Structures are given as structure tokens and as C-alpha cells.
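Participant: Enclosed is the structure file target12.csv (CSV, C-alpha atoms).
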chain,number,residue,atom,x,y,z
A,848,MET,CA,54.0,94.6,109.6
A,849,ILE,CA,53.8,93.4,113.2
A,850,PRO,CA,53.8,95.0,116.7
A,851,LEU,CA,57.0,96.8,117.7
A,852,SER,CA,58.3,97.1,121.2
A,853,LEU,CA,61.4,98.6,122.8
A,854,LEU,CA,64.2,97.2,125.0
A,855,ASP,CA,66.1,99.7,127.0
A,856,LEU,CA,69.3,98.9,129.0
A,857,SER,CA,69.4,102.5,130.3
A,858,PRO,CA,72.9,103.0,128.9
A,859,ILE,CA,75.4,105.1,130.8
A,860,SER,CA,77.3,107.0,128.2
A,861,ALA,CA,81.0,107.8,128.8
A,862,GLY,CA,81.3,110.9,130.9
A,863,SER,CA,77.7,110.8,132.1
A,864,ASN,CA,76.1,109.1,135.1
A,865,ALA,CA,73.2,106.8,136.1
A,866,GLY,CA,70.9,109.7,137.1
A,867,VAL,CA,71.1,111.2,133.6
A,868,SER,CA,70.6,107.7,132.1
A,869,LEU,CA,67.5,107.0,134.1
A,870,GLY,CA,66.0,110.4,133.2
A,871,ASN,CA,66.7,109.6,129.5
A,872,SER,CA,64.9,106.3,129.9
A,873,LEU,CA,61.8,108.0,131.1
A,874,ASP,CA,62.0,110.5,128.3
A,875,LEU,CA,62.4,107.7,125.7
A,876,ALA,CA,59.5,105.8,127.2
A,877,GLN,CA,57.2,108.8,126.9
A,878,HIS,CA,58.3,109.3,123.3
A,879,ALA,CA,57.8,105.6,122.6
A,880,GLU,CA,54.3,105.7,124.0
A,881,ARG,CA,53.4,108.6,121.6
A,882,TRP,CA,55.0,106.8,118.7
A,883,GLY,CA,52.9,103.7,119.2
A,884,PHE,CA,55.3,101.1,120.5
A,885,GLN,CA,53.6,98.3,122.3
A,886,ARG,CA,56.0,97.5,125.2
A,887,TYR,CA,58.9,99.1,127.0
A,888,TRP,CA,61.1,96.5,128.6
A,889,LEU,CA,64.1,96.9,130.9
A,890,ALA,CA,66.8,94.3,131.5
A,891,GLU,CA,68.5,93.2,134.7
A,892,HIS,CA,72.3,93.5,134.7
A,893,HIS,CA,74.6,93.9,137.6
A,894,GLY,CA,78.0,95.5,138.2
A,895,MET,CA,78.2,96.9,134.6
A,896,ALA,CA,79.5,100.4,134.4
A,897,GLY,CA,77.5,101.1,131.2
A,898,ILE,CA,74.1,99.9,132.3
A,899,ALA,CA,71.8,101.6,134.9
A,900,SER,CA,68.9,99.1,135.0
A,901,ALA,CA,70.2,96.8,137.8
A,902,ALA,CA,67.2,97.5,140.1
A,903,THR,CA,64.9,96.5,137.3
A,904,ALA,CA,61.5,96.5,139.2
A,905,VAL,CA,62.3,99.9,140.7
A,906,LEU,CA,63.0,101.3,137.3
A,907,ILE,CA,59.8,99.7,135.8
A,908,ALA,CA,57.8,101.5,138.5
A,909,HIS,CA,59.4,104.8,137.5
A,910,ILE,CA,58.7,104.3,133.8
A,911,ALA,CA,55.1,103.0,134.4
A,912,ALA,CA,54.3,106.0,136.6
A,913,GLY,CA,55.6,108.4,133.9
A,914,THR,CA,53.5,106.8,131.1
A,915,SER,CA,49.8,105.9,130.8
A,916,THR,CA,49.2,103.3,128.1
A,917,LEU,CA,52.5,101.6,127.3
A,918,ARG,CA,53.0,98.1,128.6
A,919,VAL,CA,56.1,98.2,130.8
A,920,GLY,CA,58.1,95.1,131.9
A,921,ALA,CA,61.2,93.1,132.4
A,922,GLY,CA,63.2,91.7,129.6
A,923,GLY,CA,64.2,90.2,131.8
A,924,ILE,CA,64.5,89.4,135.4
A,925,MET,CA,67.3,86.9,136.0
A,926,LEU,CA,65.4,84.5,138.1
A,927,PRO,CA,68.3,82.6,139.6
A,928,ASN,CA,69.3,85.8,141.4
A,929,HIS,CA,66.0,86.0,143.3
A,930,ALA,CA,63.5,84.0,145.4
A,931,PRO,CA,60.5,83.5,143.2
A,932,LEU,CA,58.2,84.8,146.0
A,933,ILE,CA,60.1,88.2,146.0
A,934,ILE,CA,59.6,88.6,142.2
A,935,ALA,CA,55.9,87.7,142.5
A,936,GLU,CA,55.5,90.3,145.2
A,937,GLN,CA,57.4,92.9,143.3
A,938,PHE,CA,55.5,92.4,140.0
A,939,GLY,CA,52.2,91.9,141.9
A,940,THR,CA,52.8,95.3,143.4
A,941,LEU,CA,53.6,96.8,140.0
A,942,GLU,CA,50.4,95.2,138.5
A,943,ALA,CA,48.3,96.5,141.4
A,944,LEU,CA,49.7,100.0,140.8
A,945,HIS,CA,49.4,99.9,137.0
A,946,PRO,CA,46.7,97.3,136.1
A,947,GLY,CA,46.9,95.6,132.7
A,948,ARG,CA,50.3,97.2,131.9
A,949,ILE,CA,53.0,95.0,133.4
A,950,ASP,CA,54.9,92.2,131.8
A,951,LEU,CA,57.4,89.8,133.4
A,952,GLY,CA,60.0,88.2,131.3
A,953,VAL,CA,62.4,85.8,133.1
A,954,GLY,CA,65.7,84.4,132.1
A,955,ARG,CA,68.1,81.9,133.7
A,956,ALA,CA,71.4,83.7,133.2
A,957,PRO,CA,72.9,85.7,136.1
A,958,GLY,CA,73.3,88.9,134.2
A,959,THR,CA,76.7,89.5,135.6
A,960,GLU,CA,80.1,87.8,136.3
A,961,PRO,CA,80.6,85.1,138.9
A,962,ALA,CA,81.7,87.2,141.9
A,963,THR,CA,78.8,89.6,141.6
A,964,SER,CA,76.5,86.6,141.0
A,965,ARG,CA,77.6,85.1,144.3
A,966,ALA,CA,77.1,88.4,146.1
A,967,LEU,CA,73.6,88.7,144.7
A,968,ARG,CA,72.5,85.2,145.6
A,969,ARG,CA,74.2,84.7,149.0
A,970,ASN,CA,73.2,81.1,148.7
A,971,SER,CA,75.9,79.3,146.6
A,972,THR,CA,73.7,76.2,146.2
A,973,VAL,CA,71.3,78.0,143.9
A,974,GLN,CA,71.9,76.7,140.4
A,975,VAL,CA,70.5,77.7,137.0
A,976,GLU,CA,69.3,74.1,136.6
A,977,GLN,CA,66.6,75.0,139.0
A,978,PHE,CA,65.2,77.5,136.6
A,979,PRO,CA,62.2,75.4,135.4
A,980,GLN,CA,61.1,74.8,139.0
A,981,ASP,CA,61.6,78.4,139.9
A,982,VAL,CA,59.4,79.5,136.9
A,983,ALA,CA,56.7,77.1,137.9
A,984,GLU,CA,56.8,78.3,141.5
A,985,LEU,CA,56.6,81.9,140.3
A,986,ILE,CA,53.6,81.3,138.1
A,987,GLY,CA,51.9,79.5,141.0
A,988,TYR,CA,52.1,82.6,143.2
A,989,PHE,CA,49.9,84.5,140.6
A,990,LYS,CA,47.2,81.8,140.4
A,991,LYS,CA,43.7,82.6,141.7
A,992,ASP,CA,43.4,79.1,143.2
A,993,ASN,CA,46.5,79.3,145.4
A,994,GLN,CA,44.5,79.6,148.6
A,995,ASN,CA,45.6,76.2,149.9
A,996,SER,CA,49.3,77.0,149.6
A,997,PRO,CA,51.1,77.9,152.9
A,998,VAL,CA,52.8,80.8,151.1
A,999,HIS,CA,51.1,83.7,149.4
A,1000,ALA,CA,52.3,86.6,147.3
A,1001,ILE,CA,50.4,89.7,148.4
A,1002,PRO,CA,50.0,91.7,146.2
A,1003,GLY,CA,50.4,89.1,143.4
A,1004,GLU,CA,47.9,86.3,144.0
A,1005,GLY,CA,45.1,86.3,141.5
A,1006,LEU,CA,46.6,89.1,139.4
A,1007,ASP,CA,47.2,88.8,135.6
A,1008,VAL,CA,50.9,89.3,135.2
A,1009,PRO,CA,51.9,87.7,131.8
A,1010,VAL,CA,55.1,85.7,132.2
A,1011,TRP,CA,57.5,85.3,129.3
A,1012,ILE,CA,60.4,83.0,128.9
A,1013,LEU,CA,63.6,84.7,127.6
A,1014,GLY,CA,66.4,82.8,126.0
A,1015,SER,CA,69.2,82.5,123.5
A,1016,SER,CA,69.3,78.7,123.2
A,1017,LEU,CA,67.1,75.7,122.7
A,1018,PHE,CA,66.6,75.3,126.4
A,1019,GLY,CA,64.4,78.4,126.8
A,1020,ALA,CA,62.5,77.5,123.6
A,1021,GLN,CA,61.7,74.0,125.0
A,1022,LEU,CA,60.7,75.4,128.4
A,1023,ALA,CA,58.4,78.1,126.9
A,1024,ALA,CA,56.8,75.5,124.6
A,1025,HIS,CA,56.3,73.0,127.5
A,1026,LEU,CA,54.7,75.6,129.7
A,1027,GLY,CA,52.7,77.2,127.0
A,1028,LEU,CA,54.2,80.7,127.5
A,1029,PRO,CA,55.2,83.4,125.1
A,1030,TYR,CA,58.9,83.3,124.1
A,1031,ALA,CA,61.4,86.1,123.6
A,1032,PHE,CA,64.6,85.3,121.9
A,1033,ALA,CA,67.7,87.5,122.5
A,1034,SER,CA,68.7,87.6,118.8
A,1035,HIS,CA,70.0,91.2,119.3
A,1036,PHE,CA,73.2,89.9,120.8
A,1037,ALA,CA,73.1,86.1,120.6
A,1038,PRO,CA,71.6,85.1,117.2
A,1039,GLY,CA,73.4,81.8,116.8
A,1040,GLN,CA,70.5,79.4,117.4
A,1041,LEU,CA,67.7,81.8,116.4
A,1042,MET,CA,66.1,79.7,113.6
A,1043,ASP,CA,66.5,76.4,115.5
A,1044,ALA,CA,65.0,77.9,118.7
A,1045,ILE,CA,61.9,79.3,116.8
A,1046,LYS,CA,61.4,75.9,115.1
A,1047,VAL,CA,61.6,74.0,118.4
A,1048,TYR,CA,59.3,76.3,120.2
A,1049,ARG,CA,56.6,76.2,117.6
A,1050,GLN,CA,56.8,72.5,117.0
A,1051,GLN,CA,56.7,71.6,120.7
A,1052,PHE,CA,54.3,74.2,121.9
A,1053,LYS,CA,51.5,73.1,124.3
A,1054,PRO,CA,48.5,75.4,124.6
A,1055,SER,CA,47.9,76.6,128.2
A,1056,ALA,CA,45.6,78.9,130.2
A,1057,ALA,CA,48.1,81.6,129.4
A,1058,LEU,CA,48.4,81.2,125.7
A,1059,ALA,CA,46.5,79.2,123.0
A,1060,GLU,CA,49.1,79.4,120.2
A,1061,PRO,CA,52.9,80.0,120.1
A,1062,TYR,CA,54.0,83.6,120.2
A,1063,VAL,CA,57.5,84.7,119.4
A,1064,MET,CA,59.1,88.0,120.0
A,1065,LEU,CA,62.6,88.6,118.6
A,1066,GLY,CA,65.2,91.2,119.6
A,1067,ILE,CA,67.0,93.3,117.0
A,1068,SER,CA,69.4,96.2,117.3
A,1069,VAL,CA,68.6,99.1,115.0
A,1070,PHE,CA,70.7,102.1,114.3
A,1071,ALA,CA,68.8,104.5,112.0
A,1072,ALA,CA,69.8,107.9,110.9
A,1073,ASP,CA,69.3,110.4,108.0
A,1074,SER,CA,72.3,108.9,106.1
A,1075,ASP,CA,74.0,105.6,106.0
A,1076,VAL,CA,77.3,107.1,107.1
A,1077,GLU,CA,75.7,108.6,110.2
A,1078,ALA,CA,73.9,105.3,111.0
A,1079,GLU,CA,77.2,103.4,110.7
A,1080,LEU,CA,78.8,106.0,113.0
A,1081,LEU,CA,76.1,105.6,115.6
A,1082,ALA,CA,76.5,101.8,115.5
A,1083,SER,CA,80.2,102.0,116.4
A,1084,SER,CA,79.4,102.7,120.1
A,1085,TRP,CA,77.7,99.3,120.4
A,1086,GLN,CA,80.4,97.6,118.4
A,1087,GLN,CA,83.0,99.1,120.7
A,1088,THR,CA,81.1,97.8,123.7
A,1089,PHE,CA,81.3,94.2,122.5
A,1090,VAL,CA,84.9,94.5,121.6
A,1091,ASN,CA,85.6,95.8,125.1
A,1092,LEU,CA,83.7,92.9,126.6
A,1093,TYR,CA,85.6,90.5,124.4
A,1094,LYS,CA,88.9,92.0,125.7
A,1095,GLY,CA,87.7,91.9,129.3
A,1096,THR,CA,87.7,95.7,129.6
A,1097,PRO,CA,84.0,96.6,129.9
A,1098,GLY,CA,83.0,100.2,130.6
A,1099,GLN,CA,80.5,103.0,129.9
A,1100,LEU,CA,79.0,103.3,126.4
A,1101,PRO,CA,81.8,104.9,124.4
A,1102,PRO,CA,81.3,107.8,121.9
A,1103,PRO,CA,81.1,106.8,118.3
A,1104,THR,CA,84.2,106.4,116.2
A,1105,ALA,CA,84.3,106.8,112.4
A,1106,ASN,CA,85.4,103.8,110.4
A,1107,TYR,CA,85.6,101.7,113.5
A,1108,MET,CA,85.2,98.3,111.9
A,1109,SER,CA,88.1,98.8,109.6
A,1110,SER,CA,90.4,99.4,112.6
A,1111,LEU,CA,89.7,96.0,114.0
A,1112,SER,CA,91.6,92.7,113.6
A,1113,PRO,CA,90.0,90.0,111.5
A,1114,MET,CA,89.2,88.1,114.7
A,1115,GLU,CA,87.4,91.0,116.2
A,1116,GLN,CA,85.5,91.7,113.0
A,1117,ALA,CA,84.4,88.1,112.8
A,1118,MET,CA,83.2,88.2,116.5
A,1119,LEU,CA,81.1,91.3,115.8
A,1120,ASN,CA,79.7,89.8,112.6
A,1121,ASP,CA,78.5,86.8,114.7
A,1122,VAL,CA,77.1,88.5,117.7
A,1123,LEU,CA,75.6,91.4,115.8
A,1124,ALA,CA,74.1,89.4,112.9
A,1125,CYS,CA,70.7,90.8,113.8
A,1126,THR,CA,71.8,94.4,113.8
A,1127,LEU,CA,70.2,96.7,111.2
A,1128,VAL,CA,71.9,99.9,110.2
A,1129,GLY,CA,70.9,102.6,107.7
A,1130,THR,CA,68.3,105.1,106.6
A,1131,ALA,CA,64.6,104.8,106.9
A,1132,ASP,CA,64.2,103.0,103.6
A,1133,ASN,CA,67.0,100.6,104.3
A,1134,ILE,CA,65.7,99.8,107.8
A,1135,HIS,CA,62.2,99.1,106.5
A,1136,GLN,CA,63.6,96.7,103.9
A,1137,GLN,CA,65.9,95.0,106.4
A,1138,ILE,CA,63.1,94.5,109.0
A,1139,THR,CA,60.7,93.3,106.4
A,1140,ALA,CA,63.2,90.7,105.3
A,1141,PHE,CA,63.9,89.7,108.9
A,1142,VAL,CA,60.2,89.2,109.6
A,1143,ASP,CA,59.7,87.2,106.4
A,1144,GLN,CA,62.7,85.0,107.3
A,1145,THR,CA,61.7,84.3,110.9
A,1146,GLY,CA,57.9,84.7,111.0
A,1147,ALA,CA,58.3,86.7,114.2
A,1148,ASP,CA,55.0,87.7,115.9
A,1149,GLU,CA,56.6,90.8,117.4
A,1150,LEU,CA,59.9,92.6,117.3
A,1151,MET,CA,61.7,94.2,120.3
A,1152,ILE,CA,64.0,96.9,119.1
A,1153,THR,CA,67.1,98.1,121.1
A,1154,SER,CA,69.3,101.0,120.1
A,1155,GLN,CA,72.4,101.5,122.3
A,1156,ILE,CA,73.3,104.9,121.0
A,1157,TYR,CA,75.7,107.3,122.8
A,1158,ASP,CA,73.8,110.5,122.2
A,1159,HIS,CA,70.3,110.6,123.6
A,1160,ARG,CA,68.9,112.8,120.9
A,1161,ALA,CA,70.3,110.6,118.2
A,1162,ARG,CA,68.8,107.5,120.0
A,1163,LEU,CA,65.4,109.2,120.1
A,1164,HIS,CA,65.7,110.0,116.4
A,1165,SER,CA,66.7,106.4,115.6
A,1166,TYR,CA,63.5,105.1,117.2
A,1167,GLU,CA,61.4,107.9,115.6
A,1168,ILE,CA,62.6,106.8,112.2
A,1169,VAL,CA,61.6,103.2,113.0
A,1170,ALA,CA,58.2,104.4,114.2
A,1171,ASP,CA,57.6,106.7,111.2
A,1172,THR,CA,58.5,104.1,108.6
A,1173,LEU,CA,57.1,101.0,110.2
A,1174,MET,CA,54.1,102.2,112.1
A,1175,SER,CA,52.9,104.0,109.0
A,1176,ALA,CA,53.3,100.7,107.1
A,1177,ASN,CA,51.1,99.0,109.8
A,1178,ASN,CA,48.4,101.5,109.1
What is this file in C-alpha cells?

Facilitator:
Amino acid sequence: MIPLSLLDLSPISAGSNAGVSLGNSLDLAQHAERWGFQRYWLAEHHGMAGIASAATAVLIAHIAAGTSTLRVGAGGIMLPNHAPLIIAEQFGTLEALHPGRIDLGVGRAPGTEPATSRALRRNSTVQVEQFPQDVAELIGYFKKDNQNSPVHAIPGEGLDVPVWILGSSLFGAQLAAHLGLPYAFASHFAPGQLMDAIKVYRQQFKPSAALAEPYVMLGISVFAADSDVEAELLASSWQQTFVNLYKGTPGQLPPPTANYMSSLSPMEQAMLNDVLACTLVGTADNIHQQITAFVDQTGADELMITSQIYDHRARLHSYEIVADTLMSANN
């Protein structure tokens, strides 16, 4: 098997609040460290009632301070929302505080809807088309030979902060290949161009000072439990989240609902089958078989697992099942 990592959106369950969610995230990270997960990434989203990770760098600092060996990072920072210098300073500070443990994944989507996006950026002239230039500027701030630049990231300059390109299309694959950077594909919610993106990235990859050979990390959603029925029930919260987004009525992570899929219209079922094609549901044996098949199909170098589960204890147990079945296979 291959390295396993964890993506956390710090979900706010219905009836709960952000403080509880952030405490649950630290608890999950501490468990993940003991279970042998390689990375713990948090994602930047804004204005979403069910996600508490908007101030991503702040939360990374909280998680890194509460762990000791786990790599902690962003999966990702939505770079069009920020000046590259600000991100270099933030992640330079994180790296100075936690040497050798910080990752910086960057994406070009806003991570929110248009009105909130405008409020974040203030400058309406910023466009996602500037993303390649922003990535190059960001990387430049970390270089050791940046002394001749009129602008410096302190902390940041000369520090080893690995930069990843995140994406769900061929654009990100091409950019990561051109820059010689590791590539993380968001197959856990946008799997449509998965195989094409992997092919493009590997075929077009140019070795760089950061990376000698292509490296692909793929996102998958996993809902593991002691029975298939329970696992299907846990997955229904995530299914409801996507249906609510589809209807334009997003909210907090809803409690699970039995037989949820059968209650949906054919159009809603088809939508879920598309966006959640890389979602694995079942008991330990079933999850092991599904992950093995997924790795065989894609040739992934690393998997990043996310489990948006309503009950924190059930979420912990789902990750523990993955760790027990797959980490033991690694050994």
C-alpha cells in the first residue's frame, strides 16, 4: 500500500458550533498521528455554515501545536483570495514554529460564492487567470537566493515549505507538471477528469529543484463502520450536503438519514453518483478491497482520505478502521 493522509474540513454538525468543531479537529489530528497518517490538511472555505476552517493558517497553527510528528498543511489555500506575500509570511511563520512539518497546497478556486469572494479580495481586478503568476511569485519568496528582490517574506525566505498544486481539471495538472511540483487531485468531490489529469501530469512533468519525479496524491471519501448498513447510514450526511448544495440550500452537516438515496429523484441520484464516484463505503474488508482497486486503477503515490461524518466518535472510528486495515497492510 501507499502513504495515507487526512483532509479535514472541520465540519460543523447540525446543532453544534465552530468551537466544538475546532476541538474535534485537534482531537482527530492527535489520533491520526498515533495511527500513522502522514499528513493532516485543512481546506480554505468561506461563508459556509457547515465548515469551520476559513482561517486556514490559524487552524494549521493550532493543529501543529497540538501534535509533534504529523505534517500539517493546507489542502488548500485558495491563492486568488490572497496576496502571495501574505501567504509566504503566514506559512514561513508556521514553518519557523514547526520546522519540517508544514505543507502548502494552493488552488485557484475562490472557495466560496461570488459575493463573499469579492468581500475577501477587495480588488475586483484579481482574476483566477493570474494563478500561475501568483504561484511563481509565492515560490520566489521562499527561495534562498531572493536577496536581490525588493520584497522579502520574513519569516519565509530560505525556508523549505513544500508547495503543492491542487486541482480538479487539466489546468492544475499542466501547471504542476510545468513547475515540477507535487499534484493533489480533488477526486473526493470532482472526479470527472481524474484519469486524464493524472495522465497529463505524468506525461508533461518537468523535474525541478522541488521534485525529481511526478508525485500524485488523490482525494477519496471513506465511510467505514462495523457493518455495511451503518457505513451507508454515515455516508448519508455527506450525500445530503451535496444535495443541499445542488438545491441552493447549504447548511450545517446534517444528521444521517436511513435509506436516504432511495428517497431522492433520479436526477439527484445521478448527480451524487457523479460527484461521489470516489467515495468508499463499507466494513474494513470492503474498504481495503476498494482502496486497493482504486490504487491499482490510478497508480496514486499517496491517498488523502476525508470522512465528513456527523458524529465525531463515528468519524474517529471510520479513520481508525482505515488505519487498522491499511497501515497493517503496509507493514

Participant: Please determine the residues with any atom at most 12 Å from (82.9, 89.5, 129.5) (coordinates as given in the file, with all atoms listed in the file counting) and report them as a list of chain:residue names.

Facilitator: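 Output: A:Gly894, A:Met895, A:Gly958, A:Thr959, A:Glu960, A:Pro961, A:Thr1088, A:Phe1089, A:Val1090, A:Asn1091, A:Leu1092, A:Tyr1093, A:Lys1094, A:Gly1095, A:Thr1096, A:Pro1097, A:Gly1098.
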
Participant: So what do you get for CA of Ser1034 in chain A versus CA of Ala1057 in chain A, distance-wise?

Facilitator: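 Between CA of Ser1034 in chain A and CA of Ala1057 in chain A the gap is 23.9 Å.
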
Participant: Pick out the closest residue to Val1010 in chain A from this set: A:Leu1127, A:Ile986, A:Ile1168, A:Ile933. Count all atoms listed in the file.

Facilitator: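 Closest candidate: A:Ile986.
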
Participant: Kindly give the distance, in Å, that separates CA of Trp888 in chain A and CA of Asp981 in chain A, rounded to a single decimal.

Facilitator: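 A separation of 21.3 Å between them.
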
Participant: Can you pull out the residues contacting range 936-944 of chain A? Cut-off 8 Å, using all atoms listed in the file, and skip same-chain residues under 3 positions away; I want them as an NGL selection string.

Facilitator: :A and (904 or 908 or 932-933 or 947-949 or 951 or 989 or 1000-1004 or 1006-1008)

Participant: I'd like the interatomic distance between CA of Asp1171 in chain A and CA of Ala921 in chain A, to a tenth of an Å.

Facilitator: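 Separating CA of Asp1171 in chain A from CA of Ala921 in chain A is a distance of 25.4 Å.
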
Participant: Take the point (75.5, 100.2, 116.3) as written in the file and pick out every residue within 10 Å of it, counting all atoms listed in the file; give the list as a list in words.

Facilitator: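 Looking at atoms near the point gives Ser1068, Val1069, Phe1070, Ala1071, Ala1078, Glu1079, Leu1080, Leu1081, Ala1082, Ser1083, Ser1084, Trp1085, Gln1086, Gln1087, Thr1088, Pro1103, Leu1123, Thr1126, Leu1127, Val1128, Thr1153, Ser1154, Gln1155, Ile1156 and Tyr1157 of chain A.
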
Participant: Could you pull range 886-899 of chain A out of the structure I just pasted and write it to a file containing N, CA and C atoms, as an mmCIF file, in the first residue's frame?

Facilitator:
data_model
loop_
_atom_site.group_PDB
_atom_site.id
_atom_site.type_symbol
_atom_site.label_atom_id
_atom_site.label_comp_id
_atom_site.auth_asym_id
_atom_site.auth_seq_id
_atom_site.Cartn_x
_atom_site.Cartn_y
_atom_site.Cartn_z
ATOM 1 N N ARG A 886 0.015 13.046 6.696
ATOM 2 C CA ARG A 886 -0.310 14.475 6.669
ATOM 3 C C ARG A 886 -1.716 14.717 7.208
ATOM 4 N N TYR A 887 -1.901 15.918 7.682
ATOM 5 C CA TYR A 887 -3.223 16.368 8.113
ATOM 6 C C TYR A 887 -3.429 17.736 7.473
ATOM 7 N N TRP A 888 -4.298 17.782 6.460
ATOM 8 C CA TRP A 888 -4.519 19.015 5.712
ATOM 9 C C TRP A 888 -5.887 19.585 6.023
ATOM 10 N N LEU A 889 -5.951 20.911 5.968
ATOM 11 C CA LEU A 889 -7.192 21.655 6.183
ATOM 12 C C LEU A 889 -7.459 22.515 4.962
ATOM 13 N N ALA A 890 -8.735 22.743 4.656
ATOM 14 C CA ALA A 890 -9.095 23.420 3.413
ATOM 15 C C ALA A 890 -9.750 24.766 3.687
ATOM 16 N N GLU A 891 -9.418 25.738 2.838
ATOM 17 C CA GLU A 891 -9.977 27.085 2.947
ATOM 18 C C GLU A 891 -11.347 27.164 2.263
ATOM 19 N N HIS A 892 -12.359 27.406 3.049
ATOM 20 C CA HIS A 892 -13.707 27.690 2.542
ATOM 21 C C HIS A 892 -14.253 28.874 3.319
ATOM 22 N N HIS A 893 -15.094 29.665 2.686
ATOM 23 C CA HIS A 893 -15.612 30.872 3.329
ATOM 24 C C HIS A 893 -17.131 30.945 3.234
ATOM 25 N N GLY A 894 -17.733 31.476 4.300
ATOM 26 C CA GLY A 894 -19.164 31.718 4.297
ATOM 27 C C GLY A 894 -20.004 30.470 4.246
ATOM 28 N N MET A 895 -19.480 29.333 4.711
ATOM 29 C CA MET A 895 -20.213 28.073 4.656
ATOM 30 C C MET A 895 -20.566 27.645 6.072
ATOM 31 N N ALA A 896 -21.839 27.487 6.323
ATOM 32 C CA ALA A 896 -22.323 27.217 7.678
ATOM 33 C C ALA A 896 -21.817 25.894 8.234
ATOM 34 N N GLY A 897 -21.414 24.979 7.364
ATOM 35 C CA GLY A 897 -21.003 23.660 7.824
ATOM 36 C C GLY A 897 -19.510 23.437 7.845
ATOM 37 N N ILE A 898 -18.692 24.486 7.642
ATOM 38 C CA ILE A 898 -17.231 24.326 7.583
ATOM 39 C C ILE A 898 -16.575 25.396 8.444
ATOM 40 N N ALA A 899 -15.679 24.980 9.351
ATOM 41 C CA ALA A 899 -15.080 25.902 10.310
ATOM 42 C C ALA A 899 -13.622 26.243 9.996
#
